[in-house]
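These notes concern the structure reproduced below.
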Amino acid sequence: MNFEIRFRGIAVRWFLNVFLILAIAVIVLAITFSAIYSSITIERVQMRVDEYAYDFSSLSSASVDTFEDAAMLLAANYPYKDKVEIHLLDARGNAFASTTGFQPENERMDDFQKALKSDDHTVLYSGKNKNRESVLCRTTVLYDREHHVLGGYQWIVSMRPVRRQIVLTILMILAFSILLLGFSAVTGIYFIKSVIQPIKDVSNTARKIAMGDFEAQLEPGKNDEIGELCDAINYMATELKQAETIKNDFISSVSHELRTPLTAIRGWGETAKMSVGFDEELVTRGLDVVLSETDRLSNLVEELLDFSRMQNNRLVLNTQPIDVSVLLHAAVDMYTELARQQGIEISYTAPMASAIIMGDADRLKQVFINIIDNAVKYTEKGGLILVVQSKEEGCVRIQVKDTGVGIPAQDIDHVKEKFFKSNKTVRGSGIGLSVADEIIRQHQGLLFLESTEGIGTNVTIVLPLYDQTEEITETEETVPLAALSEEAEVETDTQKENQDG
């Protein structure tokens, strides 16, 4: 199957949301800057030429009779002839002299009339002359003290070099804008590719993992979010592979746990059937084994049901004030004889004082049985199991220490996980400790393990004591020790017969 996937969405969104907006912004800024630069440049030229022509404003102090002579004298001695040409105008707006010494042509006579009508007695023209050359021209009217028109002056400057400079600057701005957009496009495309390719790899790998290929791994990424995503995918694949292995081991283990009693039930059932009327003792023994193995199957199924309830948050506790010492004593009594038959000693001294907690007696007894059963299973002949109960401030601590095979250091953090079995050669479904941990947690308690491989394991349970507000009578609210002891004796006898069988 081809897992190749095309990612066009990110590139399109980047183009629409980033590059297109950037391009519009750059274009608007380039146009705005070009317009501002052009306006400022022309204004600076105008101001500079006005400074050059400022001396001619002094002609307003002349009279009507002396104006033309004074104007020609000023034009003859004008120091900025190489920078600007100034035409001198009479009272009718006709040019009669210029700073170049040549007879000027009356190119902008209508400007003189416009200047007469303006409030500041001047008019500025920007455009082309009769030779189609771009020019800037200002015409100023001069008055005497009695506000009689003396004449005026008109400066004209070619804008060709200025326009050339403005165009060159705009081209530079345009080139810079293109380079900026090009650089943004190249870096953006490179960035998009650096994002899309890992995403494609992650998507393809995730699809492979979803189809059960837990060996699929991603190359370690860079030290960024994508690298963290790749590490997370690799970690997920590893965890799924481990979960798949644990699940398969669990199915195999449960199948074995179911097959063993079923085989015993079938074998002893056939034997008992064949022995009816011939060997009543063998029939009785066979029926006892069938009943014992049926109880074993029932306990296994109940354990699976508890696990299912736990997974669906439907594990309900029927709590009441109980003496945890009674429950622990009953659990120890159940395994004392079985342990003795296997050459294992269980050491337990019942505490003198009761330890009342608010809890579910059946569930807590289930936890204690599970812990002691594990200790017996994993302790070899000649070993010792020490059960200790002690009171601390506001809580009761129960410890089950064994001298068994212990738990490898790499497995200690996983033993309370569902389906996990550190030692697959020992019977068990691998969910008992997970269910026990959940039951203790719902009792507001703690269950934790300490273990050293080859030395033994210490399981500690801490439960909060019940804050008694009323006297709790033994007959009404505390589980009777005698009743549990009798129940323990019955279960011990059954296990003994099963062991013999």
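Going through the structure tokens in order, the chains are called A, B, and so on, while each chain numbers its residues from 1 and the ligands are numbered from 1 in the order shown.
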Find the spatial neighbours of Ser325 (chain A), counting only C-alpha atoms, within a cut-off of 7 Å - ignore same-chain residues fewer than 2 positions away - and output them as number ranges by chain. A: 323, 327-329, 354-355
Can you list, as a PDB file with N, CA and C atoms, in the first residue's frame, every protein, DNA or RNA residue that comes within 12 Å of Gln113 (chain A) when you count only C-alpha atoms, leaving out same-chain residues fewer than 5 positions away?
```pdb
ATOM      1  N   LEU A  89      10.197  90.505 -15.109  1.00  0.00           N
ATOM      2  CA  LEU A  89       8.939  90.844 -15.778  1.00  0.00           C
ATOM      3  C   LEU A  89       8.559  92.285 -15.459  1.00  0.00           C
ATOM      4  N   ALA A  91       5.452  95.443 -15.506  1.00  0.00           N
ATOM      5  CA  ALA A  91       4.161  95.519 -14.843  1.00  0.00           C
ATOM      6  C   ALA A  91       3.061  94.815 -15.612  1.00  0.00           C
ATOM      7  N   ARG A  92       3.263  94.538 -16.927  1.00  0.00           N
ATOM      8  CA  ARG A  92       2.262  93.810 -17.716  1.00  0.00           C
ATOM      9  C   ARG A  92       2.576  92.328 -17.821  1.00  0.00           C
ATOM     10  N   GLY A  93       3.707  91.898 -17.200  1.00  0.00           N
ATOM     11  CA  GLY A  93       4.072  90.496 -17.202  1.00  0.00           C
ATOM     12  C   GLY A  93       4.977  90.102 -18.344  1.00  0.00           C
ATOM     13  N   ASN A  94       5.484  91.071 -19.118  1.00  0.00           N
ATOM     14  CA  ASN A  94       6.389  90.762 -20.222  1.00  0.00           C
ATOM     15  C   ASN A  94       7.821  90.678 -19.704  1.00  0.00           C
ATOM     16  N   ARG A 108       5.558  81.624 -19.817  1.00  0.00           N
ATOM     17  CA  ARG A 108       4.486  81.469 -18.833  1.00  0.00           C
ATOM     18  C   ARG A 108       3.902  82.838 -18.461  1.00  0.00           C
ATOM     19  N   SER A 118      -3.664  85.806  -6.841  1.00  0.00           N
ATOM     20  CA  SER A 118      -3.466  84.951  -5.666  1.00  0.00           C
ATOM     21  C   SER A 118      -3.270  85.787  -4.419  1.00  0.00           C
ATOM     22  N   HIS A 121       0.478  86.501  -3.905  1.00  0.00           N
ATOM     23  CA  HIS A 121       1.101  87.147  -5.059  1.00  0.00           C
ATOM     24  C   HIS A 121       2.146  86.270  -5.741  1.00  0.00           C
ATOM     25  N   THR A 122       1.968  84.966  -5.677  1.00  0.00           N
ATOM     26  CA  THR A 122       2.912  84.054  -6.333  1.00  0.00           C
ATOM     27  C   THR A 122       2.156  82.818  -6.782  1.00  0.00           C
ATOM     28  N   VAL A 123       2.690  82.168  -7.802  1.00  0.00           N
ATOM     29  CA  VAL A 123       2.083  80.942  -8.308  1.00  0.00           C
ATOM     30  C   VAL A 123       3.203  80.004  -8.741  1.00  0.00           C
ATOM     31  N   THR A 139       6.349  82.122 -10.375  1.00  0.00           N
ATOM     32  CA  THR A 139       6.198  83.523 -10.795  1.00  0.00           C
ATOM     33  C   THR A 139       5.745  84.330  -9.590  1.00  0.00           C
ATOM     34  N   THR A 140       6.465  85.419  -9.313  1.00  0.00           N
ATOM     35  CA  THR A 140       6.182  86.255  -8.151  1.00  0.00           C
ATOM     36  C   THR A 140       5.957  87.695  -8.615  1.00  0.00           C
ATOM     37  N   VAL A 141       4.888  88.337  -8.147  1.00  0.00           N
ATOM     38  CA  VAL A 141       4.574  89.739  -8.458  1.00  0.00           C
ATOM     39  C   VAL A 141       5.094  90.628  -7.339  1.00  0.00           C
ATOM     40  N   VAL A 149       1.698  97.843  -8.806  1.00  0.00           N
ATOM     41  CA  VAL A 149       2.461  96.754  -9.413  1.00  0.00           C
ATOM     42  C   VAL A 149       3.714  97.313 -10.046  1.00  0.00           C
ATOM     43  N   GLY A 151       6.235  95.023 -11.148  1.00  0.00           N
ATOM     44  CA  GLY A 151       6.657  93.991 -12.104  1.00  0.00           C
ATOM     45  C   GLY A 151       6.744  92.664 -11.362  1.00  0.00           C
ATOM     46  N   GLY A 152       7.740  91.884 -11.744  1.00  0.00           N
ATOM     47  CA  GLY A 152       7.907  90.609 -11.055  1.00  0.00           C
ATOM     48  C   GLY A 152       9.121  89.856 -11.567  1.00  0.00           C
TER      49      GLY A 152
END
```
Have a look at CA of Leu446 (chain A) and CA of Ser390 (chain A) and let me know their distance in Å, one decimal.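 Rounded to one decimal, the two atoms are 14.8 Å apart.
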Could you list, as an mmCIF file with C-alpha atoms, in the first residue's frame, every residue within 10 Å of region 180-191 of chain A, counting only C-alpha atoms and ignoring same-chain residues fewer than 5 positions away?
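Output file out26.cif is given in full below:
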```
data_model
loop_
_atom_site.group_PDB
_atom_site.id
_atom_site.type_symbol
_atom_site.label_atom_id
_atom_site.label_comp_id
_atom_site.auth_asym_id
_atom_site.auth_seq_id
_atom_site.Cartn_x
_atom_site.Cartn_y
_atom_site.Cartn_z
ATOM 1 C CA ALA A 11 1.681 25.888 1.555
ATOM 2 C CA TRP A 14 1.157 30.175 4.151
ATOM 3 C CA PHE A 15 0.819 31.893 0.756
ATOM 4 C CA VAL A 18 1.665 35.221 5.225
ATOM 5 C CA PHE A 19 3.305 35.797 1.862
ATOM 6 C CA LEU A 20 0.343 37.531 0.190
ATOM 7 C CA LEU A 22 3.651 40.507 3.225
ATOM 8 C CA ALA A 23 3.677 41.230 -0.509
ATOM 9 C CA VAL A 26 5.766 45.678 0.884
ATOM 10 C CA ILE A 27 4.055 47.073 -2.225
ATOM 11 C CA LEU A 174 11.429 48.407 -6.294
ATOM 12 C CA ALA A 175 14.538 46.225 -6.537
ATOM 13 C CA ILE A 196 5.821 19.330 5.481
#
```
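Considering only region 97-289 of chain A, backbone DSSP assigns strand (DSSP E) to Ala97, Ser98, Thr122, Val123, Leu124, Tyr125, Ser126, Gly127, Lys128, Ser134, Val135, Leu136, Cys137, Arg138, Thr139, Thr140, Val141, Leu142, Tyr143, Val149, Leu150, Gly151, Gly152, Tyr153, Gln154, Trp155, Ile156, Val157 and Ser158 of chain A.
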May I have the residues within 12 Å of Ser275 (chain A) as a list in words, using only C-alpha atoms and disregarding those fewer than 5 positions away in the same chain?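 Counting only the stated atoms, we get Trp268, Gly269, Glu270, Glu280, Glu281, Leu282, Val283, Thr284, Arg285, Gly286 and Leu287 of chain A.
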Restrict the selected residues to C-alpha atoms and save them as a PDB file, in the first residue's frame.
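Result file follows (selection_2.pdb):
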```
ATOM      1  CA  TRP A 268     -11.537 -36.050  37.032  1.00  0.00           C
ATOM      2  CA  GLY A 269     -15.099 -35.886  35.728  1.00  0.00           C
ATOM      3  CA  GLU A 270     -14.459 -38.780  33.344  1.00  0.00           C
ATOM      4  CA  GLU A 280     -16.762 -44.390  45.755  1.00  0.00           C
ATOM      5  CA  GLU A 281     -13.664 -42.886  47.395  1.00  0.00           C
ATOM      6  CA  LEU A 282     -12.183 -42.036  43.989  1.00  0.00           C
ATOM      7  CA  VAL A 283     -15.534 -40.585  42.912  1.00  0.00           C
ATOM      8  CA  THR A 284     -15.630 -38.363  46.006  1.00  0.00           C
ATOM      9  CA  ARG A 285     -12.038 -37.242  45.451  1.00  0.00           C
ATOM     10  CA  GLY A 286     -12.788 -36.449  41.818  1.00  0.00           C
ATOM     11  CA  LEU A 287     -15.861 -34.424  42.688  1.00  0.00           C
TER      12      LEU A 287
END
```
If we count only C-alpha atoms, what is near Asp201 (chain A) at a cut-off of 8 Å, once residues fewer than 4 positions away on the same chain are taken out, given as number ranges by chain? A: 197, 205, 218
Based on the selection just made, write N, CA and C atoms of those residues as an mmCIF file, in the first residue's frame.
```cif
data_model
loop_
_atom_site.group_PDB
_atom_site.id
_atom_site.type_symbol
_atom_site.label_atom_id
_atom_site.label_comp_id
_atom_site.auth_asym_id
_atom_site.auth_seq_id
_atom_site.Cartn_x
_atom_site.Cartn_y
_atom_site.Cartn_z
ATOM 1 N N GLN A 197 7.744 17.868 5.134
ATOM 2 C CA GLN A 197 8.364 16.552 5.004
ATOM 3 C C GLN A 197 8.308 15.749 6.295
ATOM 4 N N THR A 205 4.140 7.126 9.037
ATOM 5 C CA THR A 205 4.500 6.218 10.129
ATOM 6 C C THR A 205 3.301 5.929 11.017
ATOM 7 N N LEU A 218 10.464 6.720 13.395
ATOM 8 C CA LEU A 218 10.868 7.951 12.723
ATOM 9 C C LEU A 218 12.306 8.279 13.068
#
```
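Between CA of Pro464 (chain A) and CA of Gln444 (chain A) lies a distance of 7.0 Å.
Across A:Arg138, A:Arg363, A:Lys241, A:Lys401, the tightest approach to Glu438 (chain A) is made by A:Arg363 when counting only C-alpha atoms.
Excluding region 77-87 of chain A itself and same-chain residues fewer than 2 positions from it, the residues having an atom within 6 Å of it are Leu74, Ala75, Ala97, Ser98, Thr99, Tyr153, Gln154, Trp155, Ile156 and Val157 of chain A, counting only C-alpha atoms.
If only C-alpha atoms are the atoms counted, then among A:Leu364, A:Pro161, A:Ile31, A:Met352 the closest residue to Asp437 (chain A) is A:Leu364.
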What is the distance between CA of Thr41 (chain A) and CA of Ile166 (chain A), in Å to one decimal?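 Atom-to-atom, CA of Thr41 (chain A) and CA of Ile166 (chain A) are spaced 7.7 Å apart.
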Looking at A:Ile346, A:Ile173, A:Leu433, A:Ile455, which one is nearest to Met334 (chain A), with distances taken over only C-alpha atoms? A:Ile346
Residue nearest Tyr348 (chain A) among A:Asp362, A:Asp333, A:Glu392, A:Asp373 (counting only C-alpha atoms): A:Asp333
Taking only C-alpha atoms into account, name the residue in A:Gly432, A:Gly406, A:Gly343, A:Pro220 that is nearest to Leu300 (chain A). A:Gly432
Run DSSP on the backbone and tell me which residues of region 222-350 of chain A come out as alpha helix (DSSP H); list them as a PyMOL selection string. chain A and resi 225-275+280-311+324-341
Please build the interface table for region 121-209 of chain A against region 222-228 of chain A with a cut-off of 9 Å, listing for each qualifying residue the nearest atom pair and the distance in Å to one decimal; count only C-alpha atoms, order rows by chain and increasing number, and write it as a Markdown table.
```
| residue | atom | partner | partner_atom | distance |
| --- | --- | --- | --- | --- |
| A:Val195 | CA | A:Ile226 | CA | 7.7 |
| A:Pro198 | CA | A:Ile226 | CA | 7.2 |
| A:Ile199 | CA | A:Ile226 | CA | 8.0 |
```
Looking at only C-alpha atoms, which of A:Leu447, A:Ala361, A:Ser39, A:Val324 is the one that sits closest to Tyr466 (chain A)?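 Among the listed residues, the smallest separation from Tyr466 (chain A) belongs to A:Val324.
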Met47 (chain A): which residues within 12 Å, counting only C-alpha atoms, same-chain residues fewer than 5 positions away excluded, as a compact mmCIF listing (two decimals) with N, CA and C atoms, in the first residue's frame?
```txt
# COMPACT_ATOMS: atom_id res chain seq x y z
N ILE A 40 9.13 65.05 -1.21
CA ILE A 40 10.16 65.74 -0.42
C ILE A 40 11.26 66.27 -1.33
N THR A 41 11.65 65.49 -2.33
CA THR A 41 12.72 65.92 -3.24
C THR A 41 12.32 67.17 -4.02
N ILE A 42 11.09 67.14 -4.55
CA ILE A 42 10.61 68.31 -5.30
C ILE A 42 10.49 69.53 -4.39
N TYR A 52 17.77 80.78 -3.79
CA TYR A 52 18.61 81.41 -4.81
C TYR A 52 17.96 82.70 -5.33
N ALA A 53 16.65 82.72 -5.44
CA ALA A 53 15.95 83.87 -6.03
C ALA A 53 15.52 84.89 -4.98
N TYR A 54 15.88 84.67 -3.74
CA TYR A 54 15.39 85.55 -2.68
C TYR A 54 15.86 86.99 -2.87
N LEU A 124 3.00 78.71 -8.44
CA LEU A 124 4.00 77.69 -8.75
C LEU A 124 3.44 76.77 -9.82
N LEU A 136 10.05 73.21 -13.37
CA LEU A 136 9.38 73.77 -12.19
C LEU A 136 9.56 75.27 -12.28
N ARG A 138 8.25 79.24 -10.80
CA ARG A 138 7.51 80.06 -9.84
C ARG A 138 7.52 81.50 -10.33
```
